[in-house]
Each structure stands twice: as C-alpha cells, then as structure tokens.
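Everything below belongs to my_file-v9.pdb, which stores PDB, C-alpha atoms.
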```
MODEL        1
ATOM      1  CA  THR A 387     -39.715  -6.248  -5.693
ATOM      2  CA  HIS A 388     -39.715  -3.609  -2.938
ATOM      3  CA  THR A 389     -37.925  -5.679  -0.318
ATOM      4  CA  ILE A 390     -34.416  -6.989   0.356
ATOM      5  CA  ARG A 391     -35.326 -10.189  -1.564
ATOM      6  CA  LYS A 392     -34.846  -8.629  -4.991
ATOM      7  CA  ASN A 393     -31.074  -8.598  -4.636
ATOM      8  CA  THR A 394     -30.299 -11.146  -1.918
ATOM      9  CA  VAL A 395     -28.940 -14.667  -2.403
ATOM     10  CA  ALA A 396     -28.275 -17.253   0.301
ATOM     11  CA  ILE A 397     -24.980 -19.128  -0.011
ATOM     12  CA  VAL A 398     -25.920 -22.394   1.676
ATOM     13  CA  SER A 399     -23.424 -25.073   2.692
ATOM     14  CA  ASP A 400     -23.173 -27.969   5.108
ATOM     15  CA  GLY A 401     -19.379 -28.058   4.706
ATOM     16  CA  THR A 402     -19.295 -31.660   3.440
ATOM     17  CA  ALA A 403     -17.280 -31.089   0.238
ATOM     18  CA  VAL A 404     -15.240 -27.899   0.511
ATOM     19  CA  LEU A 405     -12.901 -27.287  -2.422
ATOM     20  CA  GLY A 406      -9.644 -29.159  -1.917
ATOM     21  CA  LEU A 407     -10.450 -29.739   1.773
ATOM     22  CA  GLY A 408     -13.341 -32.217   1.798
ATOM     23  CA  ASP A 409     -15.731 -32.735   4.705
ATOM     24  CA  ILE A 410     -14.589 -30.038   7.140
ATOM     25  CA  GLY A 411     -17.989 -29.137   8.614
ATOM     26  CA  PRO A 412     -20.077 -25.964   8.651
ATOM     27  CA  LYS A 413     -17.936 -23.786  10.926
ATOM     28  CA  ALA A 414     -14.728 -24.378   8.994
ATOM     29  CA  ALA A 415     -16.596 -23.765   5.715
ATOM     30  CA  MET A 416     -17.567 -20.232   6.724
ATOM     31  CA  PRO A 417     -14.456 -18.414   5.352
ATOM     32  CA  VAL A 418     -15.022 -20.027   1.944
ATOM     33  CA  MET A 419     -18.677 -18.916   1.900
ATOM     34  CA  GLU A 420     -17.687 -15.399   3.006
ATOM     35  CA  GLY A 421     -15.215 -15.252   0.120
ATOM     36  CA  LYS A 422     -18.004 -16.329  -2.218
ATOM     37  CA  ALA A 423     -20.230 -13.532  -0.909
ATOM     38  CA  LEU A 424     -17.484 -11.042  -1.681
ATOM     39  CA  LEU A 425     -17.234 -12.290  -5.268
ATOM     40  CA  PHE A 426     -21.016 -12.065  -5.706
ATOM     41  CA  LYS A 427     -20.931  -8.402  -4.654
ATOM     42  CA  GLU A 428     -17.770  -7.463  -6.525
ATOM     43  CA  PHE A 429     -18.708  -8.998  -9.886
ATOM     44  CA  GLY A 430     -22.513  -9.156  -9.880
ATOM     45  CA  ASP A 431     -23.518  -6.491  -7.323
ATOM     46  CA  VAL A 432     -25.540  -9.244  -5.642
ATOM     47  CA  ASP A 433     -25.979  -9.129  -1.851
ATOM     48  CA  ALA A 434     -25.122 -12.695  -0.880
ATOM     49  CA  PHE A 435     -25.199 -14.007   2.676
ATOM     50  CA  PRO A 436     -23.274 -17.074   3.859
ATOM     51  CA  ILE A 437     -25.417 -19.638   5.673
ATOM     52  CA  CYS A 438     -23.471 -22.617   7.016
ATOM     53  CA  LEU A 439     -25.817 -25.251   8.378
ATOM     54  CA  ASP A 440     -25.140 -27.896  11.017
ATOM     55  CA  VAL A 441     -27.419 -30.578   9.582
ATOM     56  CA  ASP A 442     -27.537 -34.332   9.554
ATOM     57  CA  GLY A 443     -28.068 -35.290   5.924
ATOM     58  CA  PRO A 444     -29.883 -33.914   2.861
ATOM     59  CA  GLU A 445     -33.412 -33.998   4.361
ATOM     60  CA  GLU A 446     -32.519 -31.649   7.219
ATOM     61  CA  LEU A 447     -30.703 -29.339   4.825
ATOM     62  CA  ILE A 448     -33.721 -29.225   2.485
ATOM     63  CA  GLU A 449     -36.185 -28.520   5.319
ATOM     64  CA  THR A 450     -33.993 -25.725   6.706
ATOM     65  CA  VAL A 451     -33.590 -24.004   3.344
ATOM     66  CA  VAL A 452     -37.323 -24.239   2.593
ATOM     67  CA  ARG A 453     -38.019 -22.404   5.865
ATOM     68  CA  LEU A 454     -35.379 -19.727   5.166
ATOM     69  CA  ALA A 455     -36.348 -19.186   1.518
ATOM     70  CA  PRO A 456     -38.881 -16.317   1.956
ATOM     71  CA  THR A 457     -35.978 -14.028   2.888
ATOM     72  CA  PHE A 458     -34.063 -14.594  -0.366
ATOM     73  CA  GLY A 459     -34.380 -14.048  -4.109
ATOM     74  CA  GLY A 460     -32.160 -17.038  -4.890
ATOM     75  CA  ILE A 461     -30.320 -19.966  -3.305
ATOM     76  CA  ASN A 462     -26.700 -20.780  -4.193
ATOM     77  CA  LEU A 463     -25.838 -24.262  -2.912
ATOM     78  CA  GLU A 464     -22.139 -24.690  -2.225
ATOM     79  CA  ASP A 465     -19.729 -27.449  -1.253
ATOM     80  CA  ILE A 466     -22.332 -30.141  -0.551
ATOM     81  CA  ALA A 467     -21.100 -33.686  -1.161
ATOM     82  CA  ALA A 468     -22.521 -35.871  -3.933
ATOM     83  CA  PRO A 469     -24.772 -37.788  -4.238
ATOM     84  CA  GLY A 470     -26.695 -35.878  -1.530
ATOM     85  CA  ALA A 471     -26.112 -32.670  -3.471
ATOM     86  CA  PHE A 472     -28.255 -33.931  -6.361
ATOM     87  CA  GLU A 473     -31.187 -34.708  -4.084
ATOM     88  CA  VAL A 474     -30.906 -31.363  -2.287
ATOM     89  CA  GLU A 475     -30.956 -29.404  -5.534
ATOM     90  CA  THR A 476     -33.705 -31.454  -7.190
ATOM     91  CA  VAL A 477     -36.079 -31.224  -4.225
ATOM     92  CA  LEU A 478     -35.411 -27.523  -3.577
ATOM     93  CA  LYS A 479     -35.950 -26.658  -7.256
ATOM     94  CA  ASP A 480     -39.273 -28.460  -7.006
ATOM     95  CA  ARG A 481     -40.394 -26.888  -3.724
ATOM     96  CA  LEU A 482     -39.217 -23.293  -4.135
ATOM     97  CA  ASP A 483     -40.305 -20.602  -6.596
ATOM     98  CA  ILE A 484     -36.888 -18.899  -6.654
ATOM     99  CA  PRO A 485     -33.698 -19.920  -8.487
ATOM    100  CA  VAL A 486     -31.759 -22.756  -6.863
ATOM    101  CA  PHE A 487     -28.257 -23.267  -8.283
ATOM    102  CA  HIS A 488     -25.628 -25.733  -7.080
ATOM    103  CA  ASP A 489     -22.542 -23.835  -8.182
ATOM    104  CA  ASP A 490     -20.066 -26.721  -7.888
ATOM    105  CA  GLN A 491     -22.182 -28.490 -10.504
ATOM    106  CA  HIS A 492     -23.459 -25.862 -12.873
ATOM    107  CA  GLY A 493     -20.963 -23.033 -12.469
ATOM    108  CA  THR A 494     -18.190 -25.470 -13.347
ATOM    109  CA  ALA A 495     -20.213 -26.902 -16.244
ATOM    110  CA  VAL A 496     -21.012 -23.485 -17.705
ATOM    111  CA  VAL A 497     -17.383 -22.297 -17.683
ATOM    112  CA  ALA A 498     -16.084 -25.642 -18.970
ATOM    113  CA  LEU A 499     -18.538 -25.488 -21.889
ATOM    114  CA  ALA A 500     -17.514 -21.890 -22.647
ATOM    115  CA  GLY A 501     -13.851 -22.897 -22.764
ATOM    116  CA  LEU A 502     -14.609 -25.954 -24.868
ATOM    117  CA  GLU A 503     -16.641 -23.948 -27.407
ATOM    118  CA  ASN A 504     -13.633 -21.676 -27.936
ATOM    119  CA  ALA A 505     -11.096 -24.535 -27.933
ATOM    120  CA  LEU A 506     -13.083 -26.297 -30.678
ATOM    121  CA  LYS A 507     -12.941 -23.148 -32.824
ATOM    122  CA  LEU A 508      -9.143 -23.244 -32.561
ATOM    123  CA  VAL A 509      -8.897 -26.868 -33.743
ATOM    124  CA  ASP A 510     -11.736 -26.509 -36.267
ATOM    125  CA  LYS A 511     -13.902 -29.303 -34.839
ATOM    126  CA  LYS A 512     -17.664 -29.327 -34.353
ATOM    127  CA  MET A 513     -19.383 -30.155 -31.051
ATOM    128  CA  GLU A 514     -21.526 -32.867 -32.649
ATOM    129  CA  ASP A 515     -18.474 -34.670 -34.086
ATOM    130  CA  ILE A 516     -16.309 -34.949 -30.990
ATOM    131  CA  THR A 517     -15.687 -37.749 -28.511
ATOM    132  CA  VAL A 518     -15.336 -36.527 -24.923
ATOM    133  CA  VAL A 519     -13.939 -38.495 -21.975
ATOM    134  CA  VAL A 520     -14.991 -37.217 -18.518
ATOM    135  CA  THR A 521     -13.271 -38.502 -15.349
ATOM    136  CA  GLY A 522     -14.922 -38.052 -11.974
ATOM    137  CA  LEU A 523     -18.697 -38.401 -11.801
ATOM    138  CA  GLY A 524     -19.404 -36.439  -8.655
ATOM    139  CA  ALA A 525     -21.482 -33.274  -8.644
ATOM    140  CA  ALA A 526     -19.381 -31.378 -11.186
ATOM    141  CA  GLY A 527     -18.644 -34.298 -13.521
ATOM    142  CA  ILE A 528     -22.290 -35.219 -14.012
ATOM    143  CA  ALA A 529     -23.274 -31.580 -14.521
ATOM    144  CA  VAL A 530     -20.538 -31.180 -17.149
ATOM    145  CA  GLY A 531     -21.853 -34.267 -18.938
ATOM    146  CA  LYS A 532     -25.384 -32.895 -18.819
ATOM    147  CA  ILE A 533     -24.513 -29.477 -20.240
ATOM    148  CA  LEU A 534     -22.449 -31.138 -23.006
ATOM    149  CA  LEU A 535     -25.488 -33.239 -23.935
ATOM    150  CA  GLY A 536     -27.536 -30.037 -24.048
ATOM    151  CA  ALA A 537     -24.901 -28.410 -26.259
ATOM    152  CA  GLY A 538     -25.045 -31.343 -28.698
ATOM    153  CA  ALA A 539     -21.734 -33.101 -27.985
ATOM    154  CA  GLY A 540     -21.178 -36.202 -30.125
ATOM    155  CA  ARG A 541     -20.016 -39.029 -27.867
ATOM    156  CA  ILE A 542     -19.469 -38.798 -24.119
ATOM    157  CA  ILE A 543     -17.838 -41.468 -21.968
ATOM    158  CA  GLY A 544     -17.705 -40.945 -18.199
ATOM    159  CA  LEU A 545     -15.531 -42.746 -15.671
ATOM    160  CA  ASP A 546     -15.640 -43.068 -11.898
ATOM    161  CA  ARG A 547     -13.306 -44.940  -9.555
ATOM    162  CA  ALA A 548     -14.596 -48.275 -10.875
ATOM    163  CA  GLY A 549     -13.987 -47.356 -14.532
ATOM    164  CA  ALA A 550     -16.218 -46.472 -17.465
ATOM    165  CA  VAL A 551     -19.897 -45.941 -16.662
ATOM    166  CA  TYR A 552     -22.398 -47.659 -18.967
ATOM    167  CA  ASP A 553     -26.028 -48.675 -18.804
ATOM    168  CA  GLY A 554     -26.099 -52.102 -17.165
ATOM    169  CA  ARG A 555     -23.150 -51.611 -14.816
ATOM    170  CA  ASP A 556     -24.101 -52.419 -11.252
ATOM    171  CA  ASN A 557     -23.903 -50.260  -8.131
ATOM    172  CA  LEU A 558     -24.671 -46.943  -9.857
ATOM    173  CA  ASN A 559     -26.365 -44.245  -7.783
ATOM    174  CA  GLU A 560     -29.382 -42.483  -9.296
ATOM    175  CA  ALA A 561     -27.341 -39.664 -10.834
ATOM    176  CA  LYS A 562     -24.793 -42.046 -12.388
ATOM    177  CA  GLN A 563     -27.588 -44.293 -13.694
ATOM    178  CA  TRP A 564     -29.116 -41.277 -15.462
ATOM    179  CA  PHE A 565     -25.667 -40.487 -16.898
ATOM    180  CA  ALA A 566     -25.190 -44.106 -18.019
ATOM    181  CA  GLU A 567     -28.485 -44.110 -19.915
ATOM    182  CA  LYS A 568     -27.662 -40.876 -21.764
ATOM    183  CA  THR A 569     -23.993 -41.526 -22.664
ATOM    184  CA  ASN A 570     -21.514 -44.208 -23.789
ATOM    185  CA  GLN A 571     -23.928 -45.813 -26.236
ATOM    186  CA  ASP A 572     -21.227 -48.302 -27.288
ATOM    187  CA  LYS A 573     -20.982 -49.478 -23.657
ATOM    188  CA  LEU A 574     -17.190 -49.129 -23.591
ATOM    189  CA  GLN A 575     -15.671 -50.573 -20.427
ATOM    190  CA  GLY A 576     -12.376 -50.270 -18.573
ATOM    191  CA  SER A 577      -9.991 -47.548 -17.435
ATOM    192  CA  VAL A 578      -9.145 -44.116 -18.830
ATOM    193  CA  SER A 579      -6.398 -45.688 -20.948
ATOM    194  CA  ASP A 580      -8.921 -48.151 -22.425
ATOM    195  CA  VAL A 581     -11.507 -45.573 -23.511
ATOM    196  CA  ILE A 582      -9.452 -42.495 -24.394
ATOM    197  CA  ARG A 583      -7.898 -43.825 -27.621
ATOM    198  CA  GLY A 584      -8.877 -41.522 -30.459
ATOM    199  CA  ALA A 585     -10.873 -39.152 -28.206
ATOM    200  CA  ASP A 586     -10.904 -35.432 -29.037
ATOM    201  CA  VAL A 587     -11.423 -34.016 -25.544
ATOM    202  CA  PHE A 588     -10.509 -34.972 -21.978
ATOM    203  CA  LEU A 589     -12.376 -33.264 -19.134
ATOM    204  CA  GLY A 590     -11.024 -34.096 -15.679
ATOM    205  CA  LEU A 591     -13.038 -33.495 -12.497
ATOM    206  CA  SER A 592     -11.362 -36.235 -10.523
ATOM    207  CA  GLY A 593      -7.893 -36.108  -8.993
ATOM    208  CA  PRO A 594      -4.139 -35.843  -9.577
ATOM    209  CA  GLY A 595      -2.275 -38.191 -11.871
ATOM    210  CA  LEU A 596      -5.318 -39.810 -13.464
ATOM    211  CA  LEU A 597      -4.214 -38.985 -16.993
ATOM    212  CA  SER A 598      -0.827 -40.144 -18.279
ATOM    213  CA  VAL A 599       1.284 -38.737 -21.090
ATOM    214  CA  ASP A 600       0.707 -41.991 -22.997
ATOM    215  CA  ASP A 601      -3.062 -41.510 -22.638
ATOM    216  CA  VAL A 602      -2.759 -38.065 -24.240
ATOM    217  CA  ARG A 603      -0.566 -39.490 -27.026
ATOM    218  CA  SER A 604      -3.310 -42.008 -27.817
ATOM    219  CA  MET A 605      -5.964 -39.311 -28.275
ATOM    220  CA  GLY A 606      -7.103 -38.085 -31.699
ATOM    221  CA  PRO A 607      -5.398 -35.247 -33.608
ATOM    222  CA  ASP A 608      -5.246 -31.825 -31.877
ATOM    223  CA  PRO A 609      -6.333 -33.122 -28.471
ATOM    224  CA  ILE A 610      -7.993 -30.779 -25.968
ATOM    225  CA  VAL A 611      -7.255 -31.436 -22.274
ATOM    226  CA  PHE A 612      -9.094 -29.711 -19.414
ATOM    227  CA  ALA A 613      -7.478 -31.073 -16.231
ATOM    228  CA  MET A 614      -9.692 -29.296 -13.711
ATOM    229  CA  ALA A 615      -9.025 -31.171 -10.452
ATOM    230  CA  ASN A 616      -8.002 -28.709  -7.753
ATOM    231  CA  PRO A 617      -5.451 -28.050  -6.416
ATOM    232  CA  ASP A 618      -3.607 -30.846  -8.266
ATOM    233  CA  PRO A 619      -4.748 -31.455 -11.856
ATOM    234  CA  GLU A 620      -5.069 -34.867 -13.519
ATOM    235  CA  ILE A 621      -1.961 -34.022 -15.553
ATOM    236  CA  LEU A 622       0.295 -30.950 -15.421
ATOM    237  CA  PRO A 623       0.508 -28.635 -18.445
ATOM    238  CA  GLU A 624       4.303 -29.002 -18.628
ATOM    239  CA  GLN A 625       3.936 -32.777 -19.041
ATOM    240  CA  VAL A 626       1.944 -32.411 -22.268
ATOM    241  CA  ASP A 627       3.544 -29.305 -23.706
ATOM    242  CA  GLY A 628       3.713 -29.826 -27.467
ATOM    243  CA  LEU A 629       1.316 -32.792 -27.338
ATOM    244  CA  VAL A 630      -1.978 -30.960 -26.791
ATOM    245  CA  ALA A 631      -3.631 -28.308 -28.943
ATOM    246  CA  VAL A 632      -5.346 -26.642 -25.961
ATOM    247  CA  MET A 633      -4.765 -27.137 -22.228
ATOM    248  CA  ALA A 634      -6.848 -25.770 -19.351
ATOM    249  CA  THR A 635      -6.780 -26.322 -15.575
ATOM    250  CA  GLY A 636      -8.637 -25.127 -12.501
ATOM    251  CA  ARG A 637      -5.557 -23.265 -11.292
ATOM    252  CA  SER A 638      -4.738 -19.592 -11.458
ATOM    253  CA  ASP A 639      -1.004 -20.078 -12.104
ATOM    254  CA  TYR A 640      -1.566 -21.609 -15.571
ATOM    255  CA  PRO A 641      -3.373 -20.157 -18.594
ATOM    256  CA  ASN A 642      -7.063 -20.951 -19.212
ATOM    257  CA  GLN A 643      -8.302 -21.207 -15.646
ATOM    258  CA  ILE A 644     -11.772 -22.775 -15.606
ATOM    259  CA  ASN A 645     -13.109 -20.703 -12.709
ATOM    260  CA  ASN A 646     -16.758 -20.498 -11.618
ATOM    261  CA  VAL A 647     -16.404 -16.783 -10.879
ATOM    262  CA  LEU A 648     -16.893 -16.258 -14.625
ATOM    263  CA  ALA A 649     -20.388 -17.757 -14.269
ATOM    264  CA  PHE A 650     -22.226 -17.454 -10.969
ATOM    265  CA  PRO A 651     -22.258 -13.651 -10.389
ATOM    266  CA  GLY A 652     -23.695 -12.986 -13.845
ATOM    267  CA  ILE A 653     -26.100 -15.928 -13.715
ATOM    268  CA  PHE A 654     -27.640 -14.738 -10.447
ATOM    269  CA  ARG A 655     -27.563 -11.093 -11.532
ATOM    270  CA  GLY A 656     -29.535 -12.043 -14.664
ATOM    271  CA  ALA A 657     -31.920 -14.316 -12.749
ATOM    272  CA  LEU A 658     -32.626 -11.624 -10.143
ATOM    273  CA  ASP A 659     -33.088  -8.952 -12.827
ATOM    274  CA  ALA A 660     -35.647 -11.201 -14.511
ATOM    275  CA  GLN A 661     -37.222 -12.096 -11.143
ATOM    276  CA  ALA A 662     -36.835 -15.655 -12.378
ATOM    277  CA  SER A 663     -38.550 -18.565 -10.654
ATOM    278  CA  ASP A 664     -35.896 -21.023 -11.817
ATOM    279  CA  ILE A 665     -32.548 -21.322 -13.586
ATOM    280  CA  THR A 666     -33.228 -23.353 -16.723
ATOM    281  CA  GLU A 667     -30.875 -25.429 -18.885
ATOM    282  CA  GLY A 668     -31.346 -22.721 -21.539
ATOM    283  CA  MET A 669     -30.136 -20.038 -19.133
ATOM    284  CA  LYS A 670     -26.988 -22.076 -18.420
ATOM    285  CA  LEU A 671     -26.268 -22.559 -22.139
ATOM    286  CA  ALA A 672     -26.803 -18.813 -22.714
ATOM    287  CA  ALA A 673     -24.346 -18.045 -19.898
ATOM    288  CA  ALA A 674     -21.721 -20.350 -21.427
ATOM    289  CA  LEU A 675     -22.106 -18.705 -24.830
ATOM    290  CA  ALA A 676     -21.801 -15.222 -23.299
ATOM    291  CA  ILE A 677     -18.570 -16.224 -21.525
ATOM    292  CA  ALA A 678     -17.157 -17.773 -24.726
ATOM    293  CA  GLU A 679     -18.003 -14.621 -26.701
ATOM    294  CA  SER A 680     -16.186 -12.495 -24.110
ATOM    295  CA  VAL A 681     -12.955 -13.543 -25.842
ATOM    296  CA  PRO A 682     -12.967 -11.716 -29.210
ATOM    297  CA  GLY A 683     -12.364 -14.012 -32.184
ATOM    298  CA  ASP A 684      -9.146 -12.263 -33.201
ATOM    299  CA  GLN A 685      -7.709 -12.803 -29.693
ATOM    300  CA  LEU A 686      -8.546 -16.514 -29.412
ATOM    301  CA  ALA A 687      -5.390 -18.532 -28.843
ATOM    302  CA  PRO A 688      -4.385 -21.858 -27.266
ATOM    303  CA  ASP A 689      -3.536 -19.984 -24.063
ATOM    304  CA  LEU A 690      -6.624 -17.727 -24.205
ATOM    305  CA  ILE A 691      -9.922 -19.595 -24.494
ATOM    306  CA  VAL A 692     -11.684 -18.032 -21.500
ATOM    307  CA  PRO A 693     -11.682 -14.399 -20.367
ATOM    308  CA  SER A 694      -9.701 -13.251 -17.358
ATOM    309  CA  VAL A 695     -11.394 -13.857 -14.011
ATOM    310  CA  PHE A 696     -10.801 -10.163 -13.291
ATOM    311  CA  ASP A 697     -12.723  -8.964 -16.371
ATOM    312  CA  LYS A 698     -15.818  -7.350 -14.876
ATOM    313  CA  SER A 699     -17.545  -7.002 -18.237
ATOM    314  CA  VAL A 700     -18.074 -10.793 -18.330
ATOM    315  CA  ALA A 701     -20.692 -10.804 -15.550
ATOM    316  CA  LYS A 702     -22.600  -8.017 -17.311
ATOM    317  CA  ARG A 703     -22.672  -9.989 -20.573
ATOM    318  CA  VAL A 704     -23.706 -13.155 -18.774
ATOM    319  CA  ALA A 705     -26.426 -11.309 -16.828
ATOM    320  CA  ALA A 706     -27.932  -9.809 -19.984
ATOM    321  CA  ALA A 707     -27.965 -13.194 -21.768
ATOM    322  CA  VAL A 708     -29.422 -15.012 -18.748
ATOM    323  CA  CYS A 709     -32.103 -12.370 -18.146
ATOM    324  CA  GLN A 710     -33.222 -12.502 -21.794
ATOM    325  CA  THR A 711     -33.277 -16.306 -21.777
ATOM    326  CA  ALA A 712     -35.338 -16.326 -18.560
ATOM    327  CA  ILE A 713     -37.924 -14.253 -20.420
ATOM    328  CA  ASP A 714     -37.726 -16.527 -23.513
ATOM    329  CA  ASP A 715     -38.042 -19.661 -21.356
ATOM    330  CA  GLY A 716     -41.088 -18.298 -19.545
ATOM    331  CA  VAL A 717     -39.635 -18.206 -16.032
ATOM    332  CA  SER A 718     -39.395 -14.406 -15.673
ATOM    333  CA  ARG A 719     -41.821 -12.475 -13.461
ATOM    334  CA  ALA A 720     -40.349  -9.028 -14.158
TER
ENDMDL
END
```

Turn this file's structure into structure tokens for me.
Amino acid sequence: THTIRKNTVAIVSDGTAVLGLGDIGPKAAMPVMEGKALLFKEFGDVDAFPICLDVDGPEELIETVVRLAPTFGGINLEDIAAPGAFEVETVLKDRLDIPVFHDDQHGTAVVALAGLENALKLVDKKMEDITVVVTGLGAAGIAVGKILLGAGAGRIIGLDRAGAVYDGRDNLNEAKQWFAEKTNQDKLQGSVSDVIRGADVFLGLSGPGLLSVDDVRSMGPDPIVFAMANPDPEILPEQVDGLVAVMATGRSDYPNQINNVLAFPGIFRGALDAQASDITEGMKLAAALAIAESVPGDQLAPDLIVPSVFDKSVAKRVAAAVCQTAIDDGVSRA
C-alpha cells in the first residue's frame, strides 16, 4: 500500500480491435489508450498508463502482462479481438492476484444493464419476465448476455453472423458454446427477423442496418431498443421514433449514450480502494445498480435512462458500491 501500485492501472492493448477502426496494430492504438488514461484520471483519480504491446497472439500477450503485473494494482484490457480476448482475460484472472478487467466486455455490459434497469422501470416490466434479443456475440455481446443472466433476465436469444445461437449448433467457439448452453432454451433458429417477434428488448453490439423498422414493429408492446454499434448503430433513432418506448445508442449525439466511461473509472477506483484481488460478478452488478440509481426516479424519462457522461458524481457512487461489494465478496485486502 506504500508504493505506486496502490493507484496505478495498466491499460493493455495489442491494437487488434480498436473501436470503429478494427485491427490497426499497437502503435496506432496508442492515442486511444492515452485518451483512456485521461478518463481514468479525470473521473476516478486513477493513475493509468497505456501499454501497447507488439505481440503475436494471446499467449505472448498473457506472458508479457504476467511479467509486468508487479508494477500495477490493476489491469484494464482494451481493444483486444475476440475470441482471443476471452482467453487473455480468463488466464490473467487466474494467474494474477490483482483485478483484471476487459473493459470492452464488462464496461459495456455494466452500463447496458444500468440503462436497461431504468428503461424497464419506465415500461413497468420486470427483468425476469422479459425476452431479450442480442446481436453480435463478440467480446461485448457475450459479456452483456452474461451480466443479464446474473441480473435474472427471463429469456435471452443471441445471434452472430450465422444466425441464432443455440446448443447443438456447429462451429461455435468456446465462448459462444458457453452462451448457447445458458440461453435460448427453446433453441430458436434463424435471423433477427425470425427470433425478434414479441421480444421486449433488443440489444445490438453488431453493426449498422441489422435491425429493420419491421423488426421493431414485430416486437412486444413498449419495445426497448439499445442499438449500440459504433459509430453506426443497428438502426437510427429517427427511424423508430414513435415505435419504441426507449431508445439508446453508443453515440454522443443522441440521448441515452451507453458509454463505458460511466463504469470503468469507478469500478477501478472501488477495486483499488478495497485492494481487491479480483473484480467479481457481484462487483459488476453493484456498479450497474449504482449507475442506474444516479438518475433520480423523478427524472427518469425515455430520453434519460443513464446519467450524463460528464457527471463526476457517478464514479464516486460506483466506487463506493464496488468497494463495499469487494469486501462482501471476500476479495478485499484493505
């Protein structure tokens, strides 16, 4: 606790899946990681250092981070392509005694859950009763599915490029196989249009144009649409104006931006304050709840389900909730 470690996080990337840009390599990824470091400091008072690694595959990345880890109090993995990203996080969580957090997965999942909790209040539906369709089962899509399972969501159906994922479909990677076993119990097959009829919620982590106006019309009453693909969402808000009860995107020029900056500074602040050895599922759920509660009940509205990304009180709330949950979950050494 008396060294630099207590407040230092490594932002580690190999530049294989940079937001909106794809596989641009470690050097080109550096400005994005530097921006991330700035956000860590500004919102969480965390000293984060960008580390862009020229590695050949997940194994080299894992070995490098293991050797660097004694310098840091936490590891934030960033912009690493799936499915390698899953292996990197799983192995590092196992081998290191400090928090390892792949933000593209869990930051997105935490903020999406926070927004969904508040959207459901507006339409008076319960988490356990809803049917959710998730498009895009990369790093973020699978993490969103996982956190929804943890939050008690009723039915979840995920789709990748080949259509609905179900247990028994061939050519599923390990992460998608896990997802298949836990979701889509009815083994629905086909495209978005085939599985979205009557659904309550659409969560898009895929690409532009993957949801049509007719798809939204076929959803259940008071549909909730989170079209989070960046920079071009699965469907534009103006296309479904008057058809959806609540609309969110990943963009800053529309209301309800699902932005990870609401999550990661507070999550790491709380984990560092607790001197946590891990970031647990419970800590992620606590973070989501803290973000949701940052919008007072009397201010909740279809165009206000998540707090402003500039609201600095959010990170403090998230940090307090995460720190307490770290203690409750037995991973705190403070």

*Residues picked by the PyMOL selection byres ((chain A and resi 419-436) around 8) here, as a list in words?*
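Answer for the PyMOL selection byres ((chain A and resi 419-436) around 8): Asn393, Thr394, Val395, Ala396, Ile397, Val398, Ser399, Ala415, Met416, Pro417, Val418, Ile437, Cys438, Glu464, Val647, Phe650, Pro651, Gly652, Phe654, Arg655, Lys698, Ala701 and Lys702 of chain A.
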
*asked:* Using only C-alpha atoms for the distances, tell me which of A:Met614, A:Leu534, A:Ala705, A:Ile621 is nearest to Arg637 of chain A.
replied: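 Among the listed residues, A:Met614 lies closest to Arg637 of chain A.
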
*segment 480-493 of chain A surroundings by only C-alpha atoms, 10 Å radius, close-in-sequence under 5 positions cut, as a PyMOL selection string*: chain A and resi 395-398+403-405+448+451-452+455-456+458-468+471-472+474-475+498+524-530+532-533+644-651+653-654+657-658+661-667+670+673-674+717

*Would you write out, as a PyMOL selection string, every residue that the PyMOL selection byres ((chain A and resi 508-518) around 7) captures in this file?*
chain A and resi 504-507+519-520+538-543+585-588+608

*Answer key for the PyMOL selection byres ((chain A and resi 555) around 12), residues as a list in words*: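 Output from the PyMOL selection byres ((chain A and resi 555) around 12), applied to this file: Leu545, Asp546, Ala548, Gly549, Ala550, Val551, Tyr552, Asp553, Gly554, Asp556, Asn557, Leu558, Asn559, Lys562, Gln563, Trp564, Phe565, Ala566, Glu567, Asn570, Lys573, Leu574, Gln575 and Gly576 of chain A.
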
*Rank nothing, just name the residue among A:Gln625, A:Thr494, A:Asn616, A:Ser694 nearest to Val599 of chain A, using all atoms listed in the file.*
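Closest to Val599 of chain A of all the choices is A:Gln625.
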
*To one decimal in Å, tell me the separation between atom CA of Val602 of chain A and atom CA of Gly544 of chain A.*
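Calculated distance between atom CA of Val602 of chain A and atom CA of Gly544 of chain A is 16.4 Å.
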
*When distances are computed from only C-alpha atoms, which of A:Asp697, A:Thr457, A:Leu407, A:Leu439 shows the smallest separation from Thr389 of chain A?*
A:Thr457
